[in-house]
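Have a look at the structure below before the remarks.
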Amino acid sequence: MKIRKAIIYGATGAIGRALLETLLLHGATVLILGRPEGRMGEIPFHPRLIRRTCTLQELSQLKNEEASPFDVFFYLGWAGTTGAARHDAALQLKNIDATLAAVEAAARFGCHTFVGTGSQAEYGKSTVPLSPTTPPFPQNAYGAAKLAAGLLSREAAVTLGLRHIWVRILSVYGPHDNENALFPYVARELLSGRTPSLTDGTQLWDYLYAADAATALCLAAQNGRNGATYVLGSGISRPLRDYVKGLRDLLAPDAPLDFGRLRPTPDAPTCLRADISALISDTGWHPCTPFCAGIAKTAAFLREKCTADPCGKHAHLTTTK
């Protein structure tokens, strides 16, 4: 099943940009949707790229202004993904409404498939590899809303005659990541001559390079089972401090790292590892970028970005979806 025309809501982050690049590379025409105050203006021109501003609240009124139907709607939109907003139940409920509006928009645009992005937060804390059959037990409103959005959007897709794929993402890194994420924060501090304040870094973490995540989403759209939920990660866990040291060694090898300065939030998982066997079996996907290669590309991007914007803002740290 070839993707000839696709829609992405949320194409400006690490996963969205990688997904856009992957689709364009394989000949697709892509409509990107995003907030008017977002970062869509940073995305370079391409003859097969269409841009439209659209807030989450405007998805319900979104109409197909193109001459032909689209194939797949990739939904990466969400508000309130970090900090206190993750516990804001009223805000998170609005995200469920927006997800359902996105499914309805996919139907209006003639799509045959809707791919939604979930989160490790749907599981809460767990010490076992996370699989589609691992019982979910979210620890905050964000995780609860993601879980509900996945289930309800699947029901909506059935009613509208769409294929539905829900992909629970663990941790993804790469160029164009949110400035609140761990690696951009560490890079800003190191390149400014400051010492990053971190947790003790003993958490076991599963990081996947954004380009590999994008390929997984495309293959899930093309080959995934209708109604399936997949867990997306590298399938490998390492202590979080090892990942941070890998970035530090590329940017400022002699710089200290202040592990233990921060306390993890009470709902933060201490062990993340994806069981990707179902995703591999159904779609043929395999992660192909080792961390040493992915972090080298990420470090080069962050160095260039910090050089261009040496006064980058401080931010609260996030490490997972």
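Chain identifiers are assigned as A, B, and so on, following the order in which chains appear in the structure tokens; residues are numbered from 1 within each chain, and ligands are numbered from 1 in order of appearance.
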_strand (DSSP E) residues, from DSSP on the backbone, in segment 27-203 of chain A, as a ChimeraX atom specification_ = /A:29-34,49-53,72-75,113-119,163-169,171-173
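By chain and then residue number, the residues within 6 Å of Asp71 of chain A are A:Lys5, A:Ala6, A:Cys111, A:His112, counting only C-alpha atoms and disregarding those fewer than 4 positions away in sequence.
Take the candidates A:Ile3, A:Ala11, A:Leu56, A:Val172 and check each one against Met40 of chain A using only C-alpha atoms; the shortest distance goes to A:Ala11.
Between atom CA of Thr283 of chain A and atom CA of Leu23 of chain A the separation is 16.6 Å.
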*asked:* Please return, as a ChimeraX atom specification, all residues of segment 161-191 of chain A that DSSP assigns to helix (DSSP H, G or I) on the basis of the backbone.
replied: /A:182-191
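Checking A:Ile15, A:Leu76, A:Ala67, A:Ile32 one by one against Thr99 of chain A, counting only C-alpha atoms, you find the shortest gap at A:Leu76.
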*Pairwise distance for atom CA of Ala278 of chain A and atom CA of Ala211 of chain A, rounded to one decimal in Å*: 19.6 Å
